[in-house]
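Peer 1: Pasting start11.cif here (mmCIF, N, CA and C atoms and all ligand atoms):
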data_model
#
loop_
_atom_site.group_PDB
_atom_site.id
_atom_site.type_symbol
_atom_site.label_atom_id
_atom_site.label_comp_id
_atom_site.auth_asym_id
_atom_site.auth_seq_id
_atom_site.Cartn_x
_atom_site.Cartn_y
_atom_site.Cartn_z
ATOM 1 N N MET V 43 -45.098 -2.895 -29.345
ATOM 2 C CA MET V 43 -43.712 -2.447 -29.436
ATOM 3 C C MET V 43 -43.540 -1.662 -30.734
ATOM 4 N N ASP V 44 -43.076 -0.443 -30.606
ATOM 5 C CA ASP V 44 -42.892 0.353 -31.824
ATOM 6 C C ASP V 44 -41.511 0.077 -32.428
ATOM 7 N N HIS V 45 -41.276 0.685 -33.576
ATOM 8 C CA HIS V 45 -40.048 0.447 -34.320
ATOM 9 C C HIS V 45 -38.800 0.821 -33.498
ATOM 10 N N TYR V 46 -38.884 1.934 -32.771
ATOM 11 C CA TYR V 46 -37.758 2.391 -31.945
ATOM 12 C C TYR V 46 -37.413 1.357 -30.865
ATOM 13 N N ASP V 47 -38.454 0.826 -30.185
ATOM 14 C CA ASP V 47 -38.240 -0.199 -29.154
ATOM 15 C C ASP V 47 -37.576 -1.440 -29.756
ATOM 16 N N PHE V 48 -38.073 -1.814 -30.945
ATOM 17 C CA PHE V 48 -37.534 -3.003 -31.599
ATOM 18 C C PHE V 48 -36.029 -2.819 -31.874
ATOM 19 N N LEU V 49 -35.676 -1.639 -32.427
ATOM 20 C CA LEU V 49 -34.264 -1.372 -32.741
ATOM 21 C C LEU V 49 -33.397 -1.356 -31.478
ATOM 22 N N GLN V 50 -33.954 -0.760 -30.428
ATOM 23 C CA GLN V 50 -33.204 -0.697 -29.174
ATOM 24 C C GLN V 50 -32.974 -2.097 -28.597
ATOM 25 N N ARG V 51 -34.035 -2.918 -28.647
ATOM 26 C CA ARG V 51 -33.909 -4.280 -28.135
ATOM 27 C C ARG V 51 -32.900 -5.079 -28.963
ATOM 28 N N GLU V 52 -32.953 -4.891 -30.277
ATOM 29 C CA GLU V 52 -32.034 -5.574 -31.173
ATOM 30 C C GLU V 52 -30.580 -5.173 -30.850
ATOM 31 N N HIS V 53 -30.369 -3.887 -30.660
ATOM 32 C CA HIS V 53 -29.044 -3.369 -30.310
ATOM 33 C C HIS V 53 -28.574 -3.961 -28.977
ATOM 34 N N PHE V 54 -29.467 -4.010 -27.994
ATOM 35 C CA PHE V 54 -29.149 -4.581 -26.687
ATOM 36 C C PHE V 54 -28.761 -6.055 -26.814
ATOM 37 N N ASN V 55 -29.533 -6.803 -27.625
ATOM 38 C CA ASN V 55 -29.245 -8.230 -27.817
ATOM 39 C C ASN V 55 -27.873 -8.440 -28.460
ATOM 40 N N GLN V 56 -27.531 -7.567 -29.418
ATOM 41 C CA GLN V 56 -26.225 -7.688 -30.068
ATOM 42 C C GLN V 56 -25.098 -7.419 -29.069
ATOM 43 N N LEU V 57 -25.295 -6.395 -28.226
ATOM 44 C CA LEU V 57 -24.281 -6.094 -27.215
ATOM 45 C C LEU V 57 -24.117 -7.254 -26.244
ATOM 46 N N GLU V 58 -25.264 -7.832 -25.856
ATOM 47 C CA GLU V 58 -25.231 -8.950 -24.917
ATOM 48 C C GLU V 58 -24.492 -10.146 -25.499
ATOM 49 N N SER V 59 -24.737 -10.468 -26.785
ATOM 50 C CA SER V 59 -24.057 -11.630 -27.362
ATOM 51 C C SER V 59 -22.579 -11.339 -27.589
ATOM 52 N N LYS V 60 -22.224 -10.094 -27.876
ATOM 53 C CA LYS V 60 -20.804 -9.742 -28.007
ATOM 54 C C LYS V 60 -20.111 -9.902 -26.658
ATOM 55 N N GLN V 61 -20.792 -9.474 -25.580
ATOM 56 C CA GLN V 61 -20.234 -9.616 -24.232
ATOM 57 C C GLN V 61 -20.010 -11.089 -23.899
ATOM 58 N N ALA V 62 -20.993 -11.929 -24.263
ATOM 59 C CA ALA V 62 -20.871 -13.360 -23.986
ATOM 60 C C ALA V 62 -19.697 -13.947 -24.760
ATOM 61 N N ARG V 63 -19.526 -13.539 -26.025
ATOM 62 C CA ARG V 63 -18.386 -14.007 -26.840
ATOM 63 C C ARG V 63 -17.069 -13.566 -26.207
ATOM 64 N N ASP V 64 -16.988 -12.285 -25.816
ATOM 65 C CA ASP V 64 -15.760 -11.763 -25.200
ATOM 66 C C ASP V 64 -15.424 -12.532 -23.926
ATOM 67 N N LYS V 65 -16.449 -12.850 -23.130
ATOM 68 C CA LYS V 65 -16.224 -13.589 -21.887
ATOM 69 C C LYS V 65 -15.716 -14.998 -22.178
ATOM 70 N N ARG V 66 -16.315 -15.661 -23.175
ATOM 71 C CA ARG V 66 -15.845 -17.013 -23.546
ATOM 72 C C ARG V 66 -14.391 -16.973 -23.991
ATOM 73 N N GLU V 67 -14.033 -15.966 -24.812
ATOM 74 C CA GLU V 67 -12.646 -15.843 -25.274
ATOM 75 C C GLU V 67 -11.698 -15.597 -24.098
ATOM 76 N N ALA V 68 -12.102 -14.729 -23.174
ATOM 77 C CA ALA V 68 -11.265 -14.431 -22.001
ATOM 78 C C ALA V 68 -11.108 -15.683 -21.136
ATOM 79 N N ASP V 69 -12.208 -16.432 -20.946
ATOM 80 C CA ASP V 69 -12.141 -17.666 -20.155
ATOM 81 C C ASP V 69 -11.193 -18.680 -20.792
ATOM 82 N N THR V 70 -11.245 -18.811 -22.120
ATOM 83 C CA THR V 70 -10.369 -19.738 -22.835
ATOM 84 C C THR V 70 -8.913 -19.325 -22.656
ATOM 85 N N GLU V 71 -8.659 -18.020 -22.756
ATOM 86 C CA GLU V 71 -7.299 -17.515 -22.591
ATOM 87 C C GLU V 71 -6.790 -17.762 -21.164
ATOM 88 N N ILE V 72 -7.653 -17.558 -20.181
ATOM 89 C CA ILE V 72 -7.277 -17.801 -18.783
ATOM 90 C C ILE V 72 -6.970 -19.281 -18.571
ATOM 91 N N ASP V 73 -7.799 -20.159 -19.158
ATOM 92 C CA ASP V 73 -7.556 -21.604 -19.033
ATOM 93 C C ASP V 73 -6.204 -21.973 -19.637
ATOM 94 N N ALA V 74 -5.888 -21.397 -20.803
ATOM 95 C CA ALA V 74 -4.610 -21.703 -21.462
ATOM 96 C C ALA V 74 -3.442 -21.203 -20.615
ATOM 97 N N LEU V 75 -3.577 -20.009 -20.031
ATOM 98 C CA LEU V 75 -2.524 -19.471 -19.171
ATOM 99 C C LEU V 75 -2.350 -20.312 -17.915
ATOM 100 N N ALA V 76 -3.461 -20.747 -17.323
ATOM 101 C CA ALA V 76 -3.396 -21.575 -16.118
ATOM 102 C C ALA V 76 -2.686 -22.890 -16.427
ATOM 103 N N GLU V 77 -2.989 -23.472 -17.596
ATOM 104 C CA GLU V 77 -2.351 -24.724 -17.997
ATOM 105 C C GLU V 77 -0.848 -24.513 -18.202
ATOM 106 N N ARG V 78 -0.507 -23.404 -18.844
ATOM 107 C CA ARG V 78 0.900 -23.075 -19.079
ATOM 108 C C ARG V 78 1.632 -22.843 -17.751
ATOM 109 N N PHE V 79 0.961 -22.160 -16.834
ATOM 110 C CA PHE V 79 1.540 -21.915 -15.519
ATOM 111 C C PHE V 79 1.818 -23.233 -14.800
ATOM 112 N N GLU V 80 0.840 -24.150 -14.824
ATOM 113 C CA GLU V 80 1.016 -25.446 -14.160
ATOM 114 C C GLU V 80 2.191 -26.212 -14.752
ATOM 115 N N ARG V 81 2.323 -26.176 -16.085
ATOM 116 C CA ARG V 81 3.418 -26.878 -16.752
ATOM 117 C C ARG V 81 4.768 -26.264 -16.351
ATOM 118 N N LEU V 82 4.835 -24.919 -16.350
ATOM 119 C CA LEU V 82 6.067 -24.242 -15.956
ATOM 120 C C LEU V 82 6.407 -24.515 -14.500
ATOM 121 N N ASN V 83 5.377 -24.550 -13.652
ATOM 122 C CA ASN V 83 5.568 -24.839 -12.237
ATOM 123 C C ASN V 83 6.196 -26.217 -12.053
ATOM 124 N N LEU V 84 5.732 -27.174 -12.838
ATOM 125 C CA LEU V 84 6.271 -28.540 -12.792
ATOM 126 C C LEU V 84 7.745 -28.552 -13.207
ATOM 127 N N TYR V 85 8.074 -27.826 -14.281
ATOM 128 C CA TYR V 85 9.471 -27.729 -14.740
ATOM 129 C C TYR V 85 10.348 -27.114 -13.661
ATOM 130 N N VAL V 86 9.874 -26.027 -13.053
ATOM 131 C CA VAL V 86 10.653 -25.335 -12.024
ATOM 132 C C VAL V 86 10.899 -26.258 -10.835
ATOM 133 N N LEU V 87 9.862 -26.984 -10.438
ATOM 134 C CA LEU V 87 9.991 -27.922 -9.332
ATOM 135 C C LEU V 87 11.021 -29.002 -9.651
ATOM 136 N N ALA V 88 10.932 -29.574 -10.862
ATOM 137 C CA ALA V 88 11.866 -30.627 -11.280
ATOM 138 C C ALA V 88 13.296 -30.081 -11.323
ATOM 139 N N LEU V 89 13.470 -28.892 -11.913
ATOM 140 C CA LEU V 89 14.809 -28.308 -11.986
ATOM 141 C C LEU V 89 15.364 -27.991 -10.604
ATOM 142 N N GLY V 90 14.517 -27.460 -9.716
ATOM 143 C CA GLY V 90 14.947 -27.143 -8.354
ATOM 144 C C GLY V 90 15.406 -28.394 -7.614
ATOM 145 N N GLU V 91 14.642 -29.475 -7.758
ATOM 146 C CA GLU V 91 15.010 -30.725 -7.082
ATOM 147 C C GLU V 91 16.294 -31.311 -7.656
ATOM 148 N N LEU V 92 16.431 -31.258 -8.991
ATOM 149 C CA LEU V 92 17.660 -31.761 -9.622
ATOM 150 C C LEU V 92 18.869 -30.944 -9.174
ATOM 151 N N LEU V 93 18.728 -29.615 -9.137
ATOM 152 C CA LEU V 93 19.839 -28.769 -8.713
ATOM 153 C C LEU V 93 20.214 -29.030 -7.264
ATOM 154 N N ALA V 94 19.197 -29.234 -6.401
ATOM 155 C CA ALA V 94 19.471 -29.537 -4.994
ATOM 156 C C ALA V 94 20.224 -30.868 -4.886
ATOM 157 N N GLU V 95 19.802 -31.860 -5.694
ATOM 158 C CA GLU V 95 20.488 -33.161 -5.692
ATOM 159 C C GLU V 95 21.937 -33.028 -6.155
ATOM 160 N N LEU V 96 22.176 -32.055 -7.032
ATOM 161 C CA LEU V 96 23.539 -31.827 -7.537
ATOM 162 C C LEU V 96 24.362 -30.929 -6.614
ATOM 163 N N GLY V 97 23.745 -30.463 -5.523
ATOM 164 C CA GLY V 97 24.469 -29.660 -4.551
ATOM 165 C C GLY V 97 24.479 -28.167 -4.820
ATOM 166 N N VAL V 98 23.639 -27.709 -5.766
ATOM 167 C CA VAL V 98 23.564 -26.272 -6.049
ATOM 168 C C VAL V 98 22.653 -25.635 -4.999
ATOM 169 N N ASP V 99 23.153 -24.633 -4.273
ATOM 170 C CA ASP V 99 22.317 -24.048 -3.218
ATOM 171 C C ASP V 99 21.455 -22.895 -3.739
ATOM 172 N N LYS V 100 20.483 -22.509 -2.887
ATOM 173 C CA LYS V 100 19.503 -21.494 -3.267
ATOM 174 C C LYS V 100 20.130 -20.150 -3.623
ATOM 175 N N SER V 101 21.212 -19.770 -2.920
ATOM 176 C CA SER V 101 21.822 -18.461 -3.203
ATOM 177 C C SER V 101 22.430 -18.432 -4.603
ATOM 178 N N ALA V 102 22.968 -19.568 -5.062
ATOM 179 C CA ALA V 102 23.508 -19.634 -6.424
ATOM 180 C C ALA V 102 22.384 -19.495 -7.449
ATOM 181 N N ILE V 103 21.236 -20.089 -7.142
ATOM 182 C CA ILE V 103 20.070 -19.997 -8.047
ATOM 183 C C ILE V 103 19.566 -18.553 -8.080
ATOM 184 N N GLU V 104 19.481 -17.918 -6.911
ATOM 185 C CA GLU V 104 19.008 -16.531 -6.865
ATOM 186 C C GLU V 104 19.965 -15.586 -7.588
ATOM 187 N N LYS V 105 21.263 -15.865 -7.493
ATOM 188 C CA LYS V 105 22.263 -15.065 -8.194
ATOM 189 C C LYS V 105 22.074 -15.202 -9.717
ATOM 190 N N LYS V 106 21.797 -16.418 -10.159
ATOM 191 C CA LYS V 106 21.578 -16.672 -11.589
ATOM 192 C C LYS V 106 20.293 -15.984 -12.060
ATOM 193 N N ILE V 107 19.252 -16.036 -11.214
ATOM 194 C CA ILE V 107 17.990 -15.362 -11.560
ATOM 195 C C ILE V 107 18.238 -13.872 -11.760
ATOM 196 N N GLU V 108 18.997 -13.268 -10.855
ATOM 197 C CA GLU V 108 19.298 -11.833 -10.964
ATOM 198 C C GLU V 108 20.085 -11.531 -12.241
ATOM 199 N N GLU V 109 21.056 -12.397 -12.545
ATOM 200 C CA GLU V 109 21.862 -12.215 -13.758
ATOM 201 C C GLU V 109 20.975 -12.261 -15.015
ATOM 202 N N ILE V 110 20.068 -13.228 -15.056
ATOM 203 C CA ILE V 110 19.170 -13.356 -16.217
ATOM 204 C C ILE V 110 18.209 -12.177 -16.277
ATOM 205 N N ASP V 111 17.673 -11.772 -15.112
ATOM 206 C CA ASP V 111 16.746 -10.629 -15.044
ATOM 207 C C ASP V 111 17.387 -9.368 -15.622
ATOM 208 N N LEU V 112 18.674 -9.182 -15.368
ATOM 209 C CA LEU V 112 19.363 -7.951 -15.792
ATOM 210 C C LEU V 112 19.821 -7.962 -17.254
ATOM 211 N N ARG V 113 19.624 -9.083 -17.953
ATOM 212 C CA ARG V 113 20.080 -9.156 -19.346
ATOM 213 C C ARG V 113 19.418 -8.123 -20.244
ATOM 214 N N ASP V 114 18.184 -7.736 -19.910
ATOM 215 C CA ASP V 114 17.513 -6.715 -20.733
ATOM 216 C C ASP V 114 17.742 -5.302 -20.176
ATOM 217 N N GLY V 115 18.658 -5.209 -19.194
ATOM 218 C CA GLY V 115 19.017 -3.899 -18.668
ATOM 219 C C GLY V 115 18.120 -3.393 -17.556
ATOM 220 N N LYS V 116 17.088 -4.178 -17.172
ATOM 221 C CA LYS V 116 16.152 -3.740 -16.126
ATOM 222 C C LYS V 116 15.993 -4.824 -15.079
ATOM 223 N N ARG V 117 16.093 -4.437 -13.797
ATOM 224 C CA ARG V 117 15.809 -5.382 -12.719
ATOM 225 C C ARG V 117 14.321 -5.258 -12.402
ATOM 226 N N ASP V 118 13.518 -6.135 -13.038
ATOM 227 C CA ASP V 118 12.066 -6.036 -12.860
ATOM 228 C C ASP V 118 11.412 -7.388 -12.584
ATOM 229 N N GLY V 119 12.247 -8.414 -12.343
ATOM 230 C CA GLY V 119 11.691 -9.730 -12.047
ATOM 231 C C GLY V 119 11.082 -10.404 -13.265
ATOM 232 N N LYS V 120 11.450 -9.924 -14.479
ATOM 233 C CA LYS V 120 10.907 -10.500 -15.712
ATOM 234 C C LYS V 120 12.039 -10.827 -16.664
ATOM 235 N N TYR V 121 11.783 -11.788 -17.527
ATOM 236 C CA TYR V 121 12.760 -12.121 -18.543
ATOM 237 C C TYR V 121 12.169 -11.852 -19.917
ATOM 238 N N ARG V 122 12.882 -11.098 -20.709
ATOM 239 C CA ARG V 122 12.480 -10.848 -22.092
ATOM 240 C C ARG V 122 13.716 -11.057 -22.953
ATOM 241 N N GLU V 123 13.512 -11.749 -24.053
ATOM 242 C CA GLU V 123 14.645 -11.955 -24.954
ATOM 243 C C GLU V 123 15.065 -10.632 -25.564
ATOM 244 N N VAL V 124 16.356 -10.370 -25.552
ATOM 245 C CA VAL V 124 16.862 -9.139 -26.145
ATOM 246 C C VAL V 124 17.895 -9.469 -27.213
ATOM 247 N N SER V 125 18.059 -8.541 -28.114
ATOM 248 C CA SER V 125 19.052 -8.674 -29.159
ATOM 249 C C SER V 125 19.846 -7.375 -29.220
ATOM 250 N N THR V 126 21.098 -7.467 -29.603
ATOM 251 C CA THR V 126 21.912 -6.266 -29.750
ATOM 252 C C THR V 126 21.822 -5.796 -31.199
ATOM 253 N N CYS V 127 21.437 -4.542 -31.379
ATOM 254 C CA CYS V 127 21.279 -3.965 -32.714
ATOM 255 C C CYS V 127 22.648 -3.867 -33.396
ATOM 256 N N LYS V 128 22.697 -4.298 -34.672
ATOM 257 C CA LYS V 128 23.976 -4.261 -35.399
ATOM 258 C C LYS V 128 24.354 -2.846 -35.813
ATOM 259 N N GLN V 129 23.365 -1.956 -35.866
ATOM 260 C CA GLN V 129 23.634 -0.571 -36.269
ATOM 261 C C GLN V 129 24.136 0.281 -35.096
ATOM 262 N N CYS V 130 23.357 0.293 -33.990
ATOM 263 C CA CYS V 130 23.677 1.214 -32.889
ATOM 264 C C CYS V 130 24.258 0.505 -31.656
ATOM 265 N N ASN V 131 24.276 -0.851 -31.704
ATOM 266 C CA ASN V 131 24.871 -1.634 -30.628
ATOM 267 C C ASN V 131 24.104 -1.572 -29.301
ATOM 268 N N ARG V 132 22.819 -1.149 -29.347
ATOM 269 C CA ARG V 132 22.017 -1.122 -28.124
ATOM 270 C C ARG V 132 21.147 -2.367 -28.058
ATOM 271 N N LYS V 133 20.722 -2.695 -26.812
ATOM 272 C CA LYS V 133 19.882 -3.875 -26.621
ATOM 273 C C LYS V 133 18.414 -3.517 -26.809
ATOM 274 N N THR V 134 17.707 -4.354 -27.568
ATOM 275 C CA THR V 134 16.289 -4.148 -27.844
ATOM 276 C C THR V 134 15.583 -5.486 -27.715
ATOM 277 N N ARG V 135 14.303 -5.429 -27.312
ATOM 278 C CA ARG V 135 13.533 -6.662 -27.209
ATOM 279 C C ARG V 135 13.366 -7.308 -28.576
ATOM 280 N N LEU V 136 13.374 -8.651 -28.585
ATOM 281 C CA LEU V 136 13.297 -9.381 -29.844
ATOM 282 C C LEU V 136 11.918 -9.346 -30.496
ATOM 283 N N ASN V 137 10.872 -8.991 -29.744
ATOM 284 C CA ASN V 137 9.537 -9.009 -30.336
ATOM 285 C C ASN V 137 9.257 -7.792 -31.214
ATOM 286 N N ARG V 138 10.258 -6.940 -31.405
ATOM 287 C CA ARG V 138 10.080 -5.762 -32.253
ATOM 288 C C ARG V 138 10.700 -6.012 -33.635
ATOM 289 N N PRO V 139 10.029 -5.535 -34.682
ATOM 290 C CA PRO V 139 10.601 -5.708 -36.022
ATOM 291 C C PRO V 139 11.752 -4.733 -36.305
ATOM 292 N N TYR V 140 11.766 -3.597 -35.557
ATOM 293 C CA TYR V 140 12.793 -2.584 -35.769
ATOM 294 C C TYR V 140 13.456 -2.234 -34.432
ATOM 295 N N CYS V 141 14.685 -1.763 -34.488
ATOM 296 C CA CYS V 141 15.373 -1.300 -33.301
ATOM 297 C C CYS V 141 14.632 -0.062 -32.778
ATOM 298 N N MET V 142 14.332 -0.054 -31.465
ATOM 299 C CA MET V 142 13.572 1.088 -30.917
ATOM 300 C C MET V 142 14.426 2.343 -30.777
ATOM 301 N N TYR V 143 15.753 2.222 -30.923
ATOM 302 C CA TYR V 143 16.627 3.380 -30.785
ATOM 303 C C TYR V 143 16.959 4.020 -32.125
ATOM 304 N N CYS V 144 17.373 3.186 -33.103
ATOM 305 C CA CYS V 144 17.798 3.780 -34.372
ATOM 306 C C CYS V 144 16.841 3.458 -35.524
ATOM 307 N N GLY V 145 15.899 2.529 -35.312
ATOM 308 C CA GLY V 145 14.901 2.246 -36.338
ATOM 309 C C GLY V 145 15.332 1.252 -37.394
ATOM 310 N N SER V 146 16.539 0.705 -37.311
ATOM 311 C CA SER V 146 16.952 -0.251 -38.343
ATOM 312 C C SER V 146 16.220 -1.586 -38.140
ATOM 313 N N ALA V 147 15.944 -2.260 -39.236
ATOM 314 C CA ALA V 147 15.188 -3.519 -39.200
ATOM 315 C C ALA V 147 16.059 -4.655 -38.673
ATOM 316 N N PHE V 148 15.422 -5.604 -37.976
ATOM 317 C CA PHE V 148 16.158 -6.791 -37.504
ATOM 318 C C PHE V 148 16.121 -7.891 -38.535
HETATM 319 ZN ZN ZN A 201 19.692 0.299 -33.327
#
Show me, as structure tokens, the structure contained in the file I just sent.
Peer 2:
Amino acid sequence: MDHYDFLQREHFNQLESKQARDKREADTEIDALAERFERLNLYVLALGELLAELGVDKSAIEKKIEEIDLRDGKRDGKYREVSTCKQCNRKTRLNRPYCMYCGSAF
């Protein structure tokens, strides 16, 4: 094996171990998401059963879901916390350090 082959093999081995690390990290993240999903599923089931016991029907729940979905101004089946900017009075997602419209800090 000449020097070039050695370097190429070394480079290949490094790529392979990086791939293995990336896969382990992705698997861990998937496991955490699956666990979170199961926990949320349990909460939703418990809340649904409690609401049914209290006489709240499905259409009232769906109406509330739509109301919450629209709080960020978009009907997309997702919920994101929003805040109203004190400078420009527009709604912006809370995960931003600055208002996306006027740039003022939160
Ligand atoms: Zn603003």
Peer 1: Can you spell out as a ChimeraX atom specification the set of residues that the PyMOL selection byres (((not hetatm)) within 6.5 of (chain A and resi 201)) selects in the structure I just provided?
Peer 2: /V:127-132,141-146
Peer 1: Report, in Å with one decimal, the straight-line distance from atom CA of V:Asp69 to atom CA of V:Asp118.
Peer 2: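 Computed distance, atom CA of V:Asp69 to atom CA of V:Asp118, equals 27.8 Å.
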Peer 1: Give me, as a VMD selection string, the residues of stretch 49-146 of chain V that a backbone DSSP run labels alpha helix (DSSP H).
Peer 2: chain V and resid 49 to 95 100 to 111
Peer 1: I need the strand (DSSP E or B) residues of chain V per DSSP on the backbone, written as a list in words.
Peer 2: Val124, Ser125, Thr126, Lys133, Thr134, Arg135, Tyr140 and Ala147 of chain V
Peer 1: Just the number, please: distance in Å from atom N of V:Glu123 to atom N of V:Pro139, one decimal.
Peer 2: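 Between atom N of V:Glu123 and atom N of V:Pro139 the gap is 12.8 Å.
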